[in-house]
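As structure tokens, the structure follows; a few thoughts come after it.
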Amino acid sequence: MARNAELAELAESIFAASYDKDATGLDAAAWKACAESGLTTLTDPEVGGTLEDSAVLLEAAGAWAARVPLAETDLLGGWLVRAAGLAVPDGPSVAVTGSVAGDGPGAVSAELHRVPWGRSLAAVVVLDGDRVLVLDTAGAAVTEGANVAEEPRDTLRFTGVTPVAAAAAPAGAAAELELRAALGRSLLLAGAARGALARSIGYAGERQQFGRPIARFQAVQQMLAEAGSEVAAAAAASAAAARTARTAGFGDPATEFAVAAAKARCGETATAVARITHQVHGAIGFTREHDLRLVTTRLWAWRDEDGNESRWNDRVGELALEAGADGLWPLVTGRP
């Protein structure tokens, strides 16, 4: 993927300006800046961004441990309401699968678990079988939860509320939503891995041991080189998945294969890079005072969200078997 330098520079400047290693919850300043720059609806046809543009944005967000639901709002919530022919809600949103029960004329109830950024969302878009419903979170009772990175993963309970909008679900919505979530998570993982490596390279150049920086020790150089190869592999896999999704569409087996491979590979990278970077930092990397934890806890959390590496490695194998001997090479390369 050709890197969009201007977009990358914009994203990096936004996330750097609002970076606060001690804060939790939604970064309102970063969200506002992203919204004003069109980054929260980047892949909306009216904005004109592509999935490859989104890849640049999300990779930067992962590297900075940005506290903004960009993938959730643009790739998931925004996409599903547009695909269903509904208006995109103002503010943060996410799309989830769930069961919504009728509660009388026009009213519904639902209980949705581990909703990303639930307490900070303006709306949650629910895919319930063959229908899409947009629910205003102002009407939800919130039970707060979090993943290991302290990102909100809340339970939202709606009782007798009227949906903001409802429509028939587009064909194949559930499968595409799953792939979009895995792609977004892969891109964030690739960014977090890059952020962890950058922090470790900086620390190794500053930390003195036996009268010289630890970066000059061969063992440390080897560890950083190994982490660098992992970061490169994650970046290549996730970028290839975004490119394939843009060119082939989410309904193509090549996209499913690319996304499955990317999420599995980025999960493996998460494990390796978190281990290596904590080894380089030693005990200080585990402390709350050090910002390495911001990216490594996200590596651990995101590795298992939206399908872990075992789940997606299994899917890679299934797709390869389904393709057969004649179809395997086109599937892997994306070329007929």
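Each chain of the structure tokens is named A, B, ... in the order shown, its residues numbered from 1; ligands are numbered from 1 in display order.
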Output as a PyMOL selection string all residues of stretch 119-247 of chain A that backbone DSSP marks as alpha helix (DSSP H).
chain A and resi 173-206+218-247
For the strand (DSSP E or B) assignment from backbone DSSP, which residues of stretch 16-264 of chain A qualify? Please present them as a PyMOL selection string.
chain A and resi 93-97+100-102+108-116+123-128+131-136+140-143+146+152-161+165-168+208-209+212-213
Counting only C-alpha atoms, what is within 9 Å of stretch 171-184 of chain A, bar same-chain residues fewer than 4 positions away, as a ChimeraX atom specification?
/A:54-55,58,71-72,75-76,79-80,83,95-97,127,129-130,188-189,238,241-242,250-251,255-256,259-260,262-263,305-307
Residue contacts of stretch 222-228 of chain A (7 Å, only C-alpha atoms) excluding same-chain residues fewer than 2 positions away, as JSON, numbers by chain
{"A": [197, 218, 219, 220, 230, 231, 232, 273, 276]}
Write out as JSON lines a residue-level contact list of stretch 5-107 of chain A versus stretch 144-168 of chain A with cut-off 7 Å: for each qualifying residue the closest pair of atoms and the distance in Å to one decimal, counting only C-alpha atoms, rows sorted by chain and residue number upward.
```
{"residue": "A:Thr24", "atom": "CA", "partner": "A:Glu150", "partner_atom": "CA", "distance": 7.0}
{"residue": "A:Gly25", "atom": "CA", "partner": "A:Glu151", "partner_atom": "CA", "distance": 6.6}
{"residue": "A:Ala84", "atom": "CA", "partner": "A:Ala167", "partner_atom": "CA", "distance": 6.1}
{"residue": "A:Asp103", "atom": "CA", "partner": "A:Gly160", "partner_atom": "CA", "distance": 5.7}
{"residue": "A:Gly106", "atom": "CA", "partner": "A:Thr162", "partner_atom": "CA", "distance": 5.8}
{"residue": "A:Ala107", "atom": "CA", "partner": "A:Thr162", "partner_atom": "CA", "distance": 4.7}
```
Create the file for the chosen residues now, containing N, CA and C atoms and written as a PDB file, in the first residue's frame.
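The file below, part.pdb, is the result:
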```pdb
ATOM      1  N   THR A  24      -7.707   8.009  30.678  1.00  0.00           N
ATOM      2  CA  THR A  24      -8.508   6.877  30.211  1.00  0.00           C
ATOM      3  C   THR A  24      -9.811   7.414  29.644  1.00  0.00           C
ATOM      4  N   GLY A  25     -10.578   6.545  28.993  1.00  0.00           N
ATOM      5  CA  GLY A  25     -11.836   6.975  28.419  1.00  0.00           C
ATOM      6  C   GLY A  25     -11.641   7.708  27.101  1.00  0.00           C
ATOM      7  N   ALA A  84     -27.541  -0.050   4.823  1.00  0.00           N
ATOM      8  CA  ALA A  84     -28.977  -0.276   5.031  1.00  0.00           C
ATOM      9  C   ALA A  84     -29.817   0.889   4.526  1.00  0.00           C
ATOM     10  N   ASP A 103     -41.292  -4.725  22.068  1.00  0.00           N
ATOM     11  CA  ASP A 103     -41.895  -4.383  23.364  1.00  0.00           C
ATOM     12  C   ASP A 103     -43.197  -3.617  23.173  1.00  0.00           C
ATOM     13  N   GLY A 106     -43.737  -0.192  18.153  1.00  0.00           N
ATOM     14  CA  GLY A 106     -42.580   0.658  17.939  1.00  0.00           C
ATOM     15  C   GLY A 106     -41.500   0.602  18.981  1.00  0.00           C
ATOM     16  N   ALA A 107     -41.688  -0.136  20.071  1.00  0.00           N
ATOM     17  CA  ALA A 107     -40.710  -0.164  21.158  1.00  0.00           C
ATOM     18  C   ALA A 107     -39.945  -1.485  21.148  1.00  0.00           C
TER      19      ALA A 107
END
```
Pairwise distance for atom CA of A:Glu318 and atom CA of A:Leu331, rounded to one decimal in Å:
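Interatomic distance, atom CA of A:Glu318 to atom CA of A:Leu331: 12.0 Å.
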Counting only C-alpha atoms, what is within 8 Å of A:Arg243, bar same-chain residues fewer than 3 positions away, as a VMD selection string?
chain A and resid 1 51 to 52 239 to 240 246 to 247
Keeping only all heavy atoms, write the selected residues as a tab-separated table (two decimals), in the first residue's frame.
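Saved result, part-v8.tsv, follows:
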```tsv
chain	number	residue	atom	x	y	z
A	1	MET	N	0.84	-1.19	0.00
A	1	MET	CA	0.00	0.00	0.00
A	1	MET	C	0.87	1.23	0.00
A	1	MET	O	1.75	1.39	0.84
A	1	MET	CB	-0.90	0.01	1.24
A	1	MET	CG	-1.77	1.24	1.38
A	1	MET	SD	-2.71	1.19	2.93
A	1	MET	CE	-1.40	1.31	4.14
A	51	LEU	N	-10.37	2.25	1.89
A	51	LEU	CA	-9.92	1.37	2.97
A	51	LEU	C	-8.41	1.49	3.18
A	51	LEU	O	-7.92	1.34	4.30
A	51	LEU	CB	-10.30	-0.08	2.67
A	51	LEU	CG	-11.78	-0.41	2.83
A	51	LEU	CD1	-12.08	-1.78	2.25
A	51	LEU	CD2	-12.18	-0.36	4.31
A	52	GLU	N	-7.69	1.78	2.13
A	52	GLU	CA	-6.24	1.97	2.28
A	52	GLU	C	-5.93	3.26	3.02
A	52	GLU	O	-4.97	3.34	3.79
A	52	GLU	CB	-5.57	1.94	0.91
A	52	GLU	CG	-5.57	0.55	0.29
A	52	GLU	CD	-5.12	0.55	-1.15
A	52	GLU	OE1	-5.86	1.07	-2.00
A	52	GLU	OE2	-4.02	0.03	-1.41
A	239	ALA	N	-1.90	-4.31	5.59
A	239	ALA	CA	-2.02	-3.44	4.42
A	239	ALA	C	-2.53	-4.22	3.21
A	239	ALA	O	-3.35	-3.73	2.43
A	239	ALA	CB	-0.67	-2.79	4.10
A	240	ALA	N	-2.04	-5.44	3.04
A	240	ALA	CA	-2.50	-6.28	1.92
A	240	ALA	C	-3.98	-6.59	2.05
A	240	ALA	O	-4.72	-6.62	1.06
A	240	ALA	CB	-1.68	-7.57	1.86
A	246	ARG	N	-10.43	-3.42	-0.75
A	246	ARG	CA	-10.80	-2.30	-1.61
A	246	ARG	C	-11.00	-2.75	-3.05
A	246	ARG	O	-11.96	-2.35	-3.71
A	246	ARG	CB	-9.74	-1.21	-1.56
A	246	ARG	CG	-10.05	-0.02	-2.49
A	246	ARG	CD	-8.94	1.01	-2.50
A	246	ARG	NE	-7.68	0.48	-3.04
A	246	ARG	CZ	-7.39	0.37	-4.33
A	246	ARG	NH1	-8.29	0.71	-5.25
A	246	ARG	NH2	-6.23	-0.09	-4.72
A	247	THR	N	-10.10	-3.59	-3.55
A	247	THR	CA	-10.15	-3.96	-4.96
A	247	THR	C	-11.15	-5.08	-5.26
A	247	THR	O	-11.81	-5.06	-6.29
A	247	THR	CB	-8.76	-4.39	-5.45
A	247	THR	OG1	-8.28	-5.48	-4.63
A	247	THR	CG2	-7.77	-3.23	-5.35
```
So that each row is one residue of stretch 147-251 of chain A with an atom at most 8 Å from stretch 281-300 of chain A, can you give its shortest atom pair and the distance in Å to one decimal, using only C-alpha atoms, rows by chain and rising number, as CSV?
```
residue,atom,partner,partner_atom,distance
A:Val148,CA,A:Thr297,CA,6.0
A:Ala149,CA,A:Thr297,CA,4.8
A:Leu189,CA,A:Leu299,CA,6.1
A:Ala192,CA,A:Val295,CA,5.3
A:Ala193,CA,A:Leu299,CA,7.1
A:Gly195,CA,A:Val295,CA,6.7
A:Ala196,CA,A:Val295,CA,5.9
A:Arg199,CA,A:Leu292,CA,6.8
A:Ser200,CA,A:His281,CA,6.8
A:Tyr203,CA,A:His281,CA,7.1
A:Ala204,CA,A:His281,CA,7.7
```
